[in-house]
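Chemist: Input structure: start19.cif, which contains mmCIF, C-alpha atoms.
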```cif
data_model
#
loop_
_atom_site.label_atom_id
_atom_site.label_comp_id
_atom_site.auth_asym_id
_atom_site.auth_seq_id
_atom_site.Cartn_x
_atom_site.Cartn_y
_atom_site.Cartn_z
CA MET A 1 18.98 132.62 83.84
CA ARG A 2 21.15 131.00 86.52
CA ALA A 3 24.87 131.61 86.71
CA HIS A 4 26.92 128.44 86.21
CA TRP A 5 29.55 127.25 88.63
CA ARG A 6 31.91 124.32 88.22
CA LEU A 7 31.32 121.36 90.53
CA ILE A 8 34.18 119.00 91.30
CA ILE A 9 33.65 115.97 93.51
CA ASP A 10 36.90 114.33 94.53
CA GLY A 11 37.69 111.21 96.49
CA PRO A 12 39.92 111.04 99.56
CA ALA A 13 43.42 112.54 99.37
CA THR A 14 46.19 113.71 101.68
CA GLY A 15 46.07 117.07 103.42
CA ALA A 16 48.84 118.52 101.25
CA SER A 17 47.14 117.36 98.06
CA ASN A 18 43.77 118.74 99.15
CA MET A 19 45.17 122.14 100.05
CA ALA A 20 47.12 122.24 96.80
CA VAL A 21 44.01 121.50 94.71
CA ASP A 22 42.02 124.15 96.59
CA GLU A 23 44.74 126.69 95.89
CA ALA A 24 45.03 125.69 92.21
CA LEU A 25 41.29 126.24 91.77
CA PHE A 26 41.58 129.53 93.69
CA GLU A 27 44.26 130.69 91.25
CA SER A 28 42.04 129.70 88.30
CA VAL A 29 39.24 131.92 89.55
CA GLN A 30 41.70 134.76 90.27
CA ALA A 31 42.68 134.50 86.60
CA GLY A 32 39.06 134.94 85.53
CA GLY A 33 37.80 131.37 85.62
CA GLN A 34 34.31 130.24 86.58
CA PRO A 35 33.36 130.08 90.28
CA VAL A 36 33.83 126.56 91.58
CA LEU A 37 32.57 124.33 94.37
CA ARG A 38 34.67 121.29 95.26
CA LEU A 39 33.58 118.51 97.61
CA TYR A 40 36.21 116.13 98.93
CA ARG A 41 37.54 113.95 101.76
CA TRP A 42 40.80 113.17 103.52
CA GLN A 43 42.98 110.05 103.69
CA PRO A 44 44.79 109.66 106.03
CA GLY A 45 43.29 111.65 108.87
CA CYS A 46 44.92 115.06 108.99
CA LEU A 47 45.27 117.97 111.40
CA SER A 48 45.12 121.28 109.54
CA LEU A 49 46.43 124.48 111.10
CA GLY A 50 45.26 127.97 110.22
CA ARG A 51 47.57 130.09 108.07
CA ASN A 52 48.75 132.22 111.01
CA GLN A 53 48.25 129.74 113.83
CA ALA A 54 51.20 129.05 116.08
CA ALA A 55 52.13 125.38 115.75
CA ALA A 56 54.36 125.04 118.78
CA GLY A 57 51.78 123.22 120.86
CA PHE A 58 51.46 120.32 118.39
CA ASP A 59 53.99 117.51 118.41
CA PRO A 60 54.48 116.02 114.92
CA ARG A 61 55.89 112.82 116.44
CA ILE A 62 52.63 112.12 118.23
CA ALA A 63 50.72 112.73 115.01
CA ALA A 64 53.05 110.48 113.03
CA ALA A 65 52.77 107.71 115.62
CA ARG A 66 49.00 107.82 115.17
CA GLY A 67 49.23 107.90 111.37
CA ILE A 68 47.90 111.47 111.24
CA ASP A 69 49.22 114.08 108.78
CA ILE A 70 49.70 117.74 109.66
CA VAL A 71 49.17 120.47 107.06
CA ARG A 72 48.93 124.26 107.25
CA ARG A 73 45.99 125.75 105.38
CA PRO A 74 46.17 128.84 103.17
CA THR A 75 43.14 130.18 105.04
CA GLY A 76 42.79 131.60 108.53
CA GLY A 77 41.33 130.16 111.68
CA LEU A 78 42.48 127.43 114.05
CA ALA A 79 43.21 123.71 114.14
CA VAL A 80 40.77 121.20 112.66
CA TYR A 81 41.05 117.40 112.58
CA HIS A 82 39.88 116.05 109.22
CA ASP A 83 38.67 112.47 109.08
CA ARG A 84 34.98 111.70 109.13
CA GLU A 85 33.71 114.69 107.22
CA LEU A 86 32.74 116.08 103.86
CA THR A 87 34.89 119.08 103.03
CA TYR A 88 33.69 121.85 100.78
CA ALA A 89 35.82 124.46 99.04
CA ALA A 90 34.37 127.38 97.10
CA ALA A 91 36.35 129.88 95.02
CA LEU A 92 34.57 132.88 93.52
CA PRO A 93 34.99 136.59 92.81
CA ALA A 94 34.59 138.53 96.07
CA ARG A 95 32.03 140.88 94.56
CA LEU A 96 29.76 138.07 93.31
CA LEU A 97 28.00 137.70 96.65
CA GLY A 98 28.74 141.19 98.00
CA GLY A 99 32.27 141.05 99.43
CA PRO A 100 34.21 138.63 101.65
CA ARG A 101 31.99 138.92 104.72
CA ALA A 102 28.78 138.65 102.73
CA THR A 103 30.29 135.66 100.93
CA TYR A 104 30.99 133.98 104.28
CA ILE A 105 27.36 134.41 105.30
CA ALA A 106 25.93 133.42 101.90
CA LEU A 107 28.00 130.24 101.63
CA ASN A 108 27.10 129.28 105.19
CA ASP A 109 23.43 129.86 104.37
CA ALA A 110 23.80 127.61 101.31
CA LEU A 111 25.34 124.89 103.49
CA ALA A 112 22.57 125.24 106.07
CA ARG A 113 19.94 124.98 103.36
CA GLY A 114 21.57 121.82 102.07
CA LEU A 115 21.75 120.28 105.52
CA ARG A 116 18.09 121.03 106.12
CA ARG A 117 17.33 118.71 103.19
CA LEU A 118 18.62 115.95 105.48
CA ARG A 119 16.18 117.15 108.13
CA ILE A 120 19.01 118.75 110.12
CA ASP A 121 17.82 121.91 111.84
CA ALA A 122 20.97 123.79 110.84
CA ASP A 123 21.27 127.54 111.21
CA ARG A 124 23.81 130.28 111.76
CA VAL A 125 25.23 130.43 115.28
CA SER A 126 25.16 133.90 116.76
CA ARG A 127 27.75 134.86 119.31
CA SER A 128 28.48 137.97 121.28
CA ASP A 129 31.76 136.80 122.86
CA PRO A 130 34.92 138.54 121.61
CA PRO A 131 36.88 136.40 119.15
CA GLN A 132 39.89 134.57 120.51
CA PRO A 133 43.24 135.82 119.18
CA VAL A 134 45.28 133.53 116.97
CA ALA A 135 48.37 134.08 119.14
CA ALA A 136 48.02 134.71 122.87
CA PRO A 137 50.57 136.96 124.58
CA VAL A 138 52.27 135.58 127.68
CA ASN A 139 54.76 137.61 129.71
CA GLY A 140 55.12 140.10 126.89
CA ALA A 141 56.05 137.46 124.31
CA THR A 142 53.84 135.82 121.72
CA ARG A 143 52.90 132.27 122.58
CA ALA A 144 51.09 129.59 120.65
CA GLY A 145 47.33 129.91 120.34
CA THR A 146 46.42 126.29 119.79
CA HIS A 147 42.74 126.06 120.48
CA PRO A 148 40.69 123.82 118.22
CA CYS A 149 38.54 125.49 115.58
CA PHE A 150 35.49 123.56 116.79
CA GLU A 151 35.98 124.52 120.44
CA LYS A 152 33.99 127.67 119.86
CA ALA A 153 31.69 128.76 117.07
CA ALA A 154 32.40 132.04 115.39
CA HIS A 155 29.50 134.32 114.63
CA GLY A 156 27.70 133.19 111.50
CA GLU A 157 28.97 129.62 111.47
CA ILE A 158 26.59 126.72 111.03
CA GLY A 159 25.43 124.80 114.05
CA VAL A 160 22.52 122.98 115.58
CA GLY A 161 21.32 123.98 119.01
CA GLY A 162 24.34 126.26 119.39
CA ARG A 163 26.81 123.41 118.72
CA LYS A 164 29.05 123.81 115.71
CA LEU A 165 28.46 121.45 112.78
CA VAL A 166 30.44 123.19 110.03
CA GLY A 167 33.72 125.06 110.54
CA SER A 168 34.87 127.33 107.71
CA ALA A 169 37.85 129.54 106.91
CA GLN A 170 38.56 132.07 104.19
CA ARG A 171 41.35 133.71 102.19
CA CYS A 172 40.93 136.74 99.96
CA VAL A 173 43.47 137.56 97.23
CA ALA A 174 43.05 139.80 94.18
CA HIS A 175 39.32 140.31 94.82
CA THR A 176 38.76 136.56 94.89
CA VAL A 177 37.60 134.50 97.85
CA LEU A 178 38.58 130.94 98.73
CA GLN A 179 36.39 129.54 101.47
CA HIS A 180 36.62 125.95 102.62
CA GLY A 181 35.24 124.08 105.56
CA SER A 182 34.43 120.81 107.26
CA ILE A 183 30.95 119.34 107.52
CA LEU A 184 31.37 116.92 110.39
CA ILE A 185 29.93 113.48 109.68
CA GLY A 186 31.25 111.83 112.85
CA GLY A 187 33.69 112.39 115.71
CA ASP A 188 34.02 115.27 118.12
CA GLN A 189 37.36 116.87 117.20
CA SER A 190 38.89 115.59 120.44
CA GLU A 191 41.91 114.48 118.38
CA VAL A 192 42.99 118.11 118.19
CA LEU A 193 43.25 118.27 121.97
CA GLN A 194 44.98 114.89 122.11
CA LEU A 195 47.60 116.01 119.57
CA GLU A 196 48.12 119.11 121.66
CA GLN A 197 48.30 116.97 124.81
CA ARG A 198 45.56 118.98 126.42
CA ASP A 199 42.97 117.67 128.82
CA PRO A 200 39.68 116.73 127.18
CA VAL A 201 37.04 119.43 127.16
CA ASP A 202 33.63 119.58 125.61
CA THR A 203 34.52 120.69 122.13
CA SER A 204 31.05 122.20 121.64
CA CYS A 205 30.63 120.62 118.25
CA THR A 206 28.19 118.10 116.91
CA SER A 207 28.08 115.82 113.87
CA LEU A 208 25.59 114.44 111.38
CA GLU A 209 25.92 111.02 112.97
CA ALA A 210 25.09 112.44 116.41
CA LEU A 211 22.10 114.33 115.04
CA LEU A 212 20.66 111.70 112.69
CA GLY A 213 21.67 108.56 114.57
CA ARG A 214 23.43 107.46 111.37
CA ALA A 215 26.13 108.69 109.02
CA PRO A 216 24.52 109.78 105.73
CA ALA A 217 25.71 108.02 102.59
CA GLU A 218 28.37 109.91 100.59
CA HIS A 219 26.15 110.56 97.60
CA GLU A 220 23.23 111.61 99.81
CA LEU A 221 25.28 114.28 101.57
CA GLU A 222 26.92 115.50 98.36
CA LEU A 223 23.53 115.85 96.70
CA ALA A 224 22.10 117.73 99.69
CA ILE A 225 24.98 120.23 99.72
CA ARG A 226 24.81 120.65 95.96
CA SER A 227 21.07 121.33 96.12
CA GLY A 228 21.54 123.76 99.00
CA PHE A 229 23.97 125.81 96.94
CA GLU A 230 21.77 125.71 93.84
CA ASP A 231 18.65 126.80 95.72
CA GLU A 232 20.22 129.41 98.03
CA LEU A 233 22.54 131.03 95.51
CA GLN A 234 20.29 130.46 92.47
CA ILE A 235 23.07 128.83 90.47
CA ALA A 236 23.46 125.75 88.29
CA PHE A 237 26.44 123.42 88.37
CA ASP A 238 28.56 122.07 85.53
CA ALA A 239 30.07 118.85 86.91
CA GLY A 240 33.66 118.22 85.87
CA THR A 241 37.24 117.68 86.93
CA LEU A 242 40.41 119.70 87.24
CA THR A 243 41.93 120.89 83.98
CA CYS A 244 45.35 119.56 82.99
CA ALA A 245 46.85 122.92 83.94
CA GLU A 246 45.21 122.84 87.37
CA THR A 247 46.39 119.28 87.98
CA ALA A 248 49.95 120.25 87.08
CA ARG A 249 49.77 123.37 89.23
CA ALA A 250 48.38 121.40 92.18
CA ARG A 251 51.33 119.00 91.92
CA VAL A 252 53.73 121.95 92.30
CA LEU A 253 51.72 123.51 95.15
CA ALA A 254 51.59 120.22 97.02
CA GLU A 255 55.39 120.42 97.46
CA ARG A 256 54.94 123.60 99.47
CA TYR A 257 52.15 122.13 101.55
CA ARG A 258 54.37 119.15 102.36
CA SER A 259 57.33 121.34 103.28
CA GLY A 260 58.40 121.90 106.88
CA GLU A 261 59.19 125.51 106.02
CA TRP A 262 55.49 126.23 105.37
CA THR A 263 53.95 123.90 107.92
CA TRP A 264 56.04 125.07 110.85
CA ARG A 265 56.33 128.75 109.77
CA HIS A 266 54.78 129.99 113.04
CA MET B 267 29.48 155.74 108.32
CA SER B 268 33.24 155.17 107.74
CA GLU B 269 35.73 157.80 108.82
CA ILE B 270 37.86 159.19 105.96
CA PRO B 271 40.35 161.83 107.26
CA ALA B 272 40.83 164.61 104.75
CA ASP B 273 44.62 164.78 105.04
CA LEU B 274 45.40 161.16 104.07
CA LEU B 275 45.93 159.41 100.74
CA TYR B 276 44.04 156.23 99.86
CA THR B 277 43.93 153.27 97.49
CA GLU B 278 41.02 151.39 95.99
CA GLU B 279 42.26 148.40 97.98
CA HIS B 280 41.41 150.33 101.17
CA GLU B 281 44.88 151.16 102.40
CA TYR B 282 45.92 154.68 103.50
CA LEU B 283 49.13 156.67 103.71
CA ARG B 284 49.71 159.18 106.51
CA ALA B 285 52.76 161.44 106.55
CA ALA B 286 55.14 160.38 109.35
CA GLY B 287 56.85 163.74 109.83
CA GLU B 288 59.99 162.84 107.90
CA GLU B 289 60.27 163.59 104.18
CA GLY B 290 59.29 160.63 102.04
CA VAL B 291 58.22 158.49 105.00
CA TYR B 292 54.61 157.46 105.58
CA PHE B 293 52.56 155.30 107.91
CA VAL B 294 50.52 152.69 106.00
CA GLY B 295 47.44 150.91 107.31
CA ILE B 296 43.94 149.90 106.34
CA THR B 297 41.02 152.31 106.34
CA ASP B 298 38.10 152.52 108.73
CA TYR B 299 35.89 151.17 105.90
CA ALA B 300 38.20 148.16 105.50
CA GLN B 301 38.31 147.27 109.20
CA GLY B 302 34.52 147.51 109.33
CA GLU B 303 34.17 145.21 106.34
CA LEU B 304 36.69 142.70 107.72
CA GLY B 305 35.21 142.44 111.20
CA ASP B 306 37.18 141.60 114.33
CA ILE B 307 40.86 141.38 113.41
CA VAL B 308 42.78 138.62 115.16
CA PHE B 309 46.17 138.64 113.42
CA VAL B 310 48.27 140.92 111.25
CA GLU B 311 51.18 139.42 109.28
CA LEU B 312 53.80 142.10 108.62
CA PRO B 313 57.05 142.21 106.64
CA LYS B 314 60.53 142.71 108.08
CA VAL B 315 62.28 146.06 108.40
CA GLY B 316 64.50 146.58 105.38
CA GLU B 317 62.32 144.63 102.94
CA LYS B 318 61.52 146.43 99.69
CA PHE B 319 58.33 146.11 97.69
CA GLY B 320 56.92 147.39 94.42
CA ARG B 321 53.66 149.23 94.03
CA MET B 322 50.66 146.96 94.74
CA ASP B 323 52.90 144.12 95.95
CA THR B 324 51.46 142.13 98.82
CA PHE B 325 53.34 143.26 101.94
CA GLY B 326 51.40 141.26 104.51
CA THR B 327 48.05 139.81 105.42
CA VAL B 328 45.30 140.63 107.90
CA GLU B 329 43.21 137.86 109.46
CA ALA B 330 39.73 138.58 110.75
CA VAL B 331 38.00 135.61 112.38
CA LYS B 332 39.24 133.02 109.90
CA ALA B 333 39.28 135.22 106.79
CA VAL B 334 42.80 136.13 105.68
CA SER B 335 43.17 139.05 103.24
CA ASP B 336 46.26 140.36 101.50
CA LEU B 337 47.59 143.84 102.19
CA TYR B 338 48.79 145.72 99.08
CA LEU B 339 51.53 148.35 99.19
CA PRO B 340 50.14 151.62 97.82
CA VAL B 341 53.51 152.84 96.48
CA ALA B 342 56.93 151.22 96.07
CA GLY B 343 59.32 151.60 98.97
CA GLU B 344 61.32 150.15 101.82
CA ILE B 345 59.93 149.12 105.19
CA VAL B 346 61.59 151.25 107.88
CA GLU B 347 59.44 150.18 110.82
CA VAL B 348 56.62 147.75 111.58
CA ASN B 349 54.03 148.13 114.31
CA SER B 350 55.08 145.33 116.66
CA GLY B 351 52.23 146.26 119.00
CA LEU B 352 49.80 144.56 116.61
CA ALA B 353 51.16 141.13 117.59
CA ASP B 354 49.67 141.48 121.08
CA ASN B 355 46.75 143.71 120.20
CA PRO B 356 45.55 143.23 116.60
CA ALA B 357 42.15 144.63 117.57
CA VAL B 358 43.60 148.14 117.66
CA VAL B 359 43.35 148.06 113.86
CA ASN B 360 39.59 147.97 114.38
CA SER B 361 39.43 150.59 117.12
CA ASP B 362 42.03 153.07 115.83
CA PRO B 363 42.93 152.28 112.19
CA TYR B 364 44.48 155.69 111.46
CA GLY B 365 46.30 156.09 114.78
CA GLU B 366 47.66 153.21 116.88
CA GLY B 367 46.49 150.71 114.21
CA TRP B 368 49.15 151.73 111.67
CA MET B 369 50.87 148.69 110.21
CA ILE B 370 54.17 149.74 108.59
CA LYS B 371 56.27 152.83 108.12
CA LEU B 372 57.41 153.11 104.53
CA ARG B 373 60.21 155.11 102.90
CA VAL B 374 58.78 155.81 99.44
CA SER B 375 61.19 155.09 96.60
CA ASP B 376 59.23 156.82 93.82
CA ALA B 377 57.34 159.89 94.98
CA SER B 378 55.59 160.22 91.61
CA GLN B 379 53.51 157.14 92.51
CA LEU B 380 51.84 159.19 95.26
CA GLU B 381 50.01 161.10 92.54
CA GLN B 382 48.15 157.93 91.58
CA LEU B 383 46.56 157.63 95.01
CA LEU B 384 43.09 158.85 95.89
CA GLY B 385 42.22 161.87 97.99
CA ALA B 386 39.61 161.67 100.71
CA GLN B 387 36.76 162.77 98.44
CA GLU B 388 37.62 160.27 95.69
CA TYR B 389 38.01 157.48 98.23
CA GLY B 390 34.68 158.44 99.75
CA LYS B 391 33.03 158.05 96.35
CA HIS B 392 34.79 154.71 95.90
CA VAL B 393 33.29 153.29 99.10
CA GLY B 394 29.95 154.93 98.47
CA THR B 395 29.89 157.53 101.24
#
```
Here is the file; what I need is its structure written in the form of structure tokens.
Modeler:
Amino acid sequence: MRAHWRLIIDGPATGASNMAVDEALFESVQAGGQPVLRLYRWQPGCLSLGRNQAAAGFDPRIAAARGIDIVRRPTGGLAVYHDRELTYAAALPARLLGGPRATYIALNDALARGLRRLRIDADRVSRSDPPQPVAAPVNGATRAGTHPCFEKAAHGEIGVGGRKLVGSAQRCVAHTVLQHGSILIGGDQSEVLQLEQRDPVDTSCTSLEALLGRAPAEHELELAIRSGFEDELQIAFDAGTLTCAETARARVLAERYRSGEWTWRH
Amino acid sequence: MSEIPADLLYTEEHEYLRAAGEEGVYFVGITDYAQGELGDIVFVELPKVGEKFGRMDTFGTVEAVKAVSDLYLPVAGEIVEVNSGLADNPAVVNSDPYGEGWMIKLRVSDASQLEQLLGAQEYGKHVGT
């Protein structure tokens, strides 16, 4: 008999709201709730920073002038620009799929399986390069490490032909994992470099639009990802929405994600 | 196989305590098993000297290629020193978790809590070695 996960499909929301909902669901699972997969989008476009990423290289005035939000994620990793994408967030007990690292691999395999339903030849990228540090030392002091998440693929991430298609990040608290990530529908993440005022480089990522010659319809992509999870993880989904308690909790958490104290903490 | 030095104390959350040479003061870090499970560590978030925490309070986080995990204090105490070298070289937690990869130095406030920690053999059973 298949284990049942919750499935929540949300429409577009702000960066702060999206991070708050992810964290509210994460807390529910920490408290013993069912594992959950949430699929959602962003409005307006938003730059998200990793939990420990130095933010000094990003100018909020440039972002504001372009109508782009900035939010700091609860999870690790580096900067991502969220616009033309489907975002997934999964919260589950760490032991369910064999620990945090095994969970990272298993969820990426589920995503790849889903993308293959769209005839995308998605697979895990393997890398032997050393990982880049979150903060790079300069002259003995710690300086901002502001590279885009999609500039390089980490080992185990999902790509096509070595180019990253899905970027994911994780947080583990109380034996529970929150993993969320961006499935790029269009764009090339160059906005991250523009917001950092860096020269354009090949961001080494790809998108569904680039691979298929079209952007898949919302429902088509959601169904593919859902099926990928069901088939790879041998689970069944109970579709639903946030509980009243989760909605109320997310409202409180969104205040923190909007605060300058959190966003510019590093 | 993970290294589990016989003279340290351990928790089920994969932290260790190593005596720092002064009564009631211990180095705290994560075990060789933990660093292997986490993978390449890219950032360690540490508390400030002088901060006090209760047993199993989160005292920091460790980030390993996009996965951030909480660090739990094995016993209640006050932070007397943090390993500032980890800011420039977090990877030393992978290469030398029990030596240069120590994270904080803790002055224990309730020595009786040490009795609740695991010895090397018990910890070895916990991680299946």
Chemist: To one decimal in Å, tell me the separation between atom CA of Gln197 of chain A and atom CA of Tyr81 of chain A.
Modeler: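 About the pair atom CA of Gln197 of chain A and atom CA of Tyr81 of chain A: they are 14.2 Å apart.
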Chemist: Taking only residues of chain B that have an atom at most 8 Å from an atom of chain A, what is each one's shortest atom pair and its distance in Å to one decimal, using all atoms listed in the file, in chain and number order, as CSV?
Modeler:
```
residue,atom,partner,partner_atom,distance
B:Glu303,CA,A:Arg101,CA,6.9
B:Leu304,CA,A:Arg101,CA,6.7
B:Asp306,CA,A:Pro131,CA,7.1
B:Val308,CA,A:Pro133,CA,4.9
B:Phe309,CA,A:Val134,CA,6.3
B:Glu311,CA,A:Asn52,CA,7.8
B:Glu329,CA,A:Gly76,CA,6.3
B:Ala330,CA,A:Gly76,CA,7.9
B:Val331,CA,A:Gly77,CA,6.4
B:Lys332,CA,A:Gly77,CA,4.0
B:Ala333,CA,A:Gln170,CA,4.1
B:Val334,CA,A:Arg171,CA,4.5
B:Ser335,CA,A:Cys172,CA,4.6
B:Asp336,CA,A:Val173,CA,5.8
B:Ala353,CA,A:Thr142,CA,7.2
B:Asp354,CA,A:Pro137,CA,5.8
```
Chemist: Write the residues you've just listed into a file as a short mmCIF file (atom, residue, chain, number, x, y, z; two decimals), in the frame of the given file, and include C-alpha atoms for each of them.
Modeler:
```cif
data_model
loop_
_atom_site.label_atom_id
_atom_site.label_comp_id
_atom_site.auth_asym_id
_atom_site.auth_seq_id
_atom_site.Cartn_x
_atom_site.Cartn_y
_atom_site.Cartn_z
CA GLU B 303 34.17 145.21 106.34
CA LEU B 304 36.69 142.70 107.72
CA ASP B 306 37.18 141.60 114.33
CA VAL B 308 42.78 138.62 115.16
CA PHE B 309 46.17 138.64 113.42
CA GLU B 311 51.18 139.42 109.28
CA GLU B 329 43.21 137.86 109.46
CA ALA B 330 39.73 138.58 110.75
CA VAL B 331 38.00 135.61 112.38
CA LYS B 332 39.24 133.02 109.90
CA ALA B 333 39.28 135.22 106.79
CA VAL B 334 42.80 136.13 105.68
CA SER B 335 43.17 139.05 103.24
CA ASP B 336 46.26 140.36 101.50
CA ALA B 353 51.16 141.13 117.59
CA ASP B 354 49.67 141.48 121.08
#
```
Chemist: Choose the residue, out of B:Asp376, B:Arg284, B:Glu279, B:Gly290, that has the smallest atom-to-atom separation from Thr324 of chain B; count all atoms listed in the file.
Modeler: B:Glu279
Chemist: Please compute the atom CA of Val160 of chain A-atom CA of Gly187 of chain A distance, one decimal, in Å.
Modeler: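 Interatomic distance, atom CA of Val160 of chain A to atom CA of Gly187 of chain A: 15.4 Å.
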Chemist: Could you list the residues chosen by the PyMOL selection byres ((chain A and resi 240) around 6) in this structure as a PyMOL selection string?
Modeler: chain A and resi 8+239+241
Chemist: I need the output of the PyMOL selection byres ((chain A and resi 231-236) around 9) for this file as a PyMOL selection string; which residues are they?
Modeler: chain A and resi 1-6+97+106-107+109-111+113-114+226-230+237-238
Chemist: Would you translate the PyMOL selection byres ((chain B and resi 380) around 12) into the concrete set of residues it matches in this file, as JSON, numbers by chain?
Modeler: {"B": [274, 275, 276, 277, 282, 283, 284, 285, 290, 291, 292, 321, 339, 340, 341, 342, 343, 374, 375, 376, 377, 378, 379, 381, 382, 383, 384, 385]}
Chemist: So, with all atoms listed in the file as the atoms that count, which of B:Ala357, B:Ile296, B:Leu352, B:Leu372 lies closest to His280 of chain B?
Modeler: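 The shortest atom-to-atom distance to His280 of chain B comes from B:Ile296.
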Chemist: Atom CA of Ala24 of chain A to atom CA of Ala224 of chain A: how many Å, to one decimal?
Modeler: 25.4 Å
Chemist: Determine, counting all atoms listed in the file, every residue of protein, DNA or RNA that lies within 7 Å of (36.0, 118.5, 93.2) in the file coordinates, then give the result as a ChimeraX atom specification.
Modeler: /A:7-10,37-40,241
Chemist: I'd like the neighbourhood of segment 312-316 of chain B as number ranges by chain, where a residue qualifies if any of its atoms comes within 6 Å (using all atoms listed in the file), though same-chain residues fewer than 6 positions away should be ignored.
Modeler: B: 326, 344-347
Chemist: Calculated over all atoms listed in the file, which of the candidates B:Glu288, B:Asp298, B:Asp323, B:Glu388 has the smallest distance to Arg373 of chain B?
Modeler: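 Nearest candidate to Arg373 of chain B out of B:Glu288, B:Asp298, B:Asp323, B:Glu388: B:Glu288.
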Chemist: Give as number ranges by chain every residue, naming chains and numbers as the document does, that has an atom within 9 Å of (39.6, 107.0, 103.2), counting all atoms listed in the file.
Modeler: A: 11-13, 41-45, 83-84
Chemist: Please dump the current selection as a PDB file, in the coordinates of the input; keep C-alpha atoms.
Modeler:
```pdb
ATOM      1  CA  GLY A  11      37.690 111.210  96.490  1.00  0.00           C
ATOM      2  CA  PRO A  12      39.920 111.040  99.560  1.00  0.00           C
ATOM      3  CA  ALA A  13      43.420 112.540  99.370  1.00  0.00           C
ATOM      4  CA  ARG A  41      37.540 113.950 101.760  1.00  0.00           C
ATOM      5  CA  TRP A  42      40.800 113.170 103.520  1.00  0.00           C
ATOM      6  CA  GLN A  43      42.980 110.050 103.690  1.00  0.00           C
ATOM      7  CA  PRO A  44      44.790 109.660 106.030  1.00  0.00           C
ATOM      8  CA  GLY A  45      43.290 111.650 108.870  1.00  0.00           C
ATOM      9  CA  ASP A  83      38.670 112.470 109.080  1.00  0.00           C
ATOM     10  CA  ARG A  84      34.980 111.700 109.130  1.00  0.00           C
TER      11      ARG A  84
END
```
Chemist: Would you mind putting N, CA and C atoms back on segment 348-362 of chain B and writing the result as a PDB file, keeping the file's coordinate frame?
Modeler:
```pdb
ATOM      1  N   VAL B 348      57.923 148.434 111.547  1.00  0.00           N
ATOM      2  CA  VAL B 348      56.620 147.750 111.580  1.00  0.00           C
ATOM      3  C   VAL B 348      56.024 147.951 112.964  1.00  0.00           C
ATOM      4  N   ASN B 349      54.718 147.905 113.041  1.00  0.00           N
ATOM      5  CA  ASN B 349      54.030 148.130 114.310  1.00  0.00           C
ATOM      6  C   ASN B 349      53.979 146.813 115.090  1.00  0.00           C
ATOM      7  N   SER B 350      54.995 146.604 115.927  1.00  0.00           N
ATOM      8  CA  SER B 350      55.080 145.330 116.660  1.00  0.00           C
ATOM      9  C   SER B 350      53.966 145.204 117.694  1.00  0.00           C
ATOM     10  N   GLY B 351      53.334 146.320 118.042  1.00  0.00           N
ATOM     11  CA  GLY B 351      52.230 146.260 119.000  1.00  0.00           C
ATOM     12  C   GLY B 351      51.044 145.460 118.496  1.00  0.00           C
ATOM     13  N   LEU B 352      50.945 145.282 117.165  1.00  0.00           N
ATOM     14  CA  LEU B 352      49.800 144.560 116.610  1.00  0.00           C
ATOM     15  C   LEU B 352      49.863 143.074 116.919  1.00  0.00           C
ATOM     16  N   ALA B 353      51.038 142.558 117.264  1.00  0.00           N
ATOM     17  CA  ALA B 353      51.160 141.130 117.590  1.00  0.00           C
ATOM     18  C   ALA B 353      50.336 140.809 118.844  1.00  0.00           C
ATOM     19  N   ASP B 354      50.400 141.705 119.832  1.00  0.00           N
ATOM     20  CA  ASP B 354      49.670 141.480 121.080  1.00  0.00           C
ATOM     21  C   ASP B 354      48.260 142.043 121.031  1.00  0.00           C
ATOM     22  N   ASN B 355      48.045 143.025 120.202  1.00  0.00           N
ATOM     23  CA  ASN B 355      46.750 143.710 120.200  1.00  0.00           C
ATOM     24  C   ASN B 355      46.300 144.016 118.775  1.00  0.00           C
ATOM     25  N   PRO B 356      45.970 142.982 117.982  1.00  0.00           N
ATOM     26  CA  PRO B 356      45.550 143.230 116.600  1.00  0.00           C
ATOM     27  C   PRO B 356      44.236 144.014 116.526  1.00  0.00           C
ATOM     28  N   ALA B 357      43.453 143.961 117.582  1.00  0.00           N
ATOM     29  CA  ALA B 357      42.150 144.630 117.570  1.00  0.00           C
ATOM     30  C   ALA B 357      42.257 146.149 117.486  1.00  0.00           C
ATOM     31  N   VAL B 358      43.450 146.689 117.740  1.00  0.00           N
ATOM     32  CA  VAL B 358      43.600 148.140 117.660  1.00  0.00           C
ATOM     33  C   VAL B 358      43.428 148.616 116.209  1.00  0.00           C
ATOM     34  N   VAL B 359      43.598 147.688 115.261  1.00  0.00           N
ATOM     35  CA  VAL B 359      43.350 148.060 113.860  1.00  0.00           C
ATOM     36  C   VAL B 359      41.866 148.387 113.685  1.00  0.00           C
ATOM     37  N   ASN B 360      41.018 147.677 114.435  1.00  0.00           N
ATOM     38  CA  ASN B 360      39.590 147.970 114.380  1.00  0.00           C
ATOM     39  C   ASN B 360      39.276 149.297 115.097  1.00  0.00           C
ATOM     40  N   SER B 361      39.847 149.460 116.289  1.00  0.00           N
ATOM     41  CA  SER B 361      39.430 150.590 117.120  1.00  0.00           C
ATOM     42  C   SER B 361      40.099 151.912 116.716  1.00  0.00           C
ATOM     43  N   ASP B 362      41.294 151.848 116.144  1.00  0.00           N
ATOM     44  CA  ASP B 362      42.030 153.070 115.830  1.00  0.00           C
ATOM     45  C   ASP B 362      42.867 152.877 114.562  1.00  0.00           C
TER      46      ASP B 362
END
```
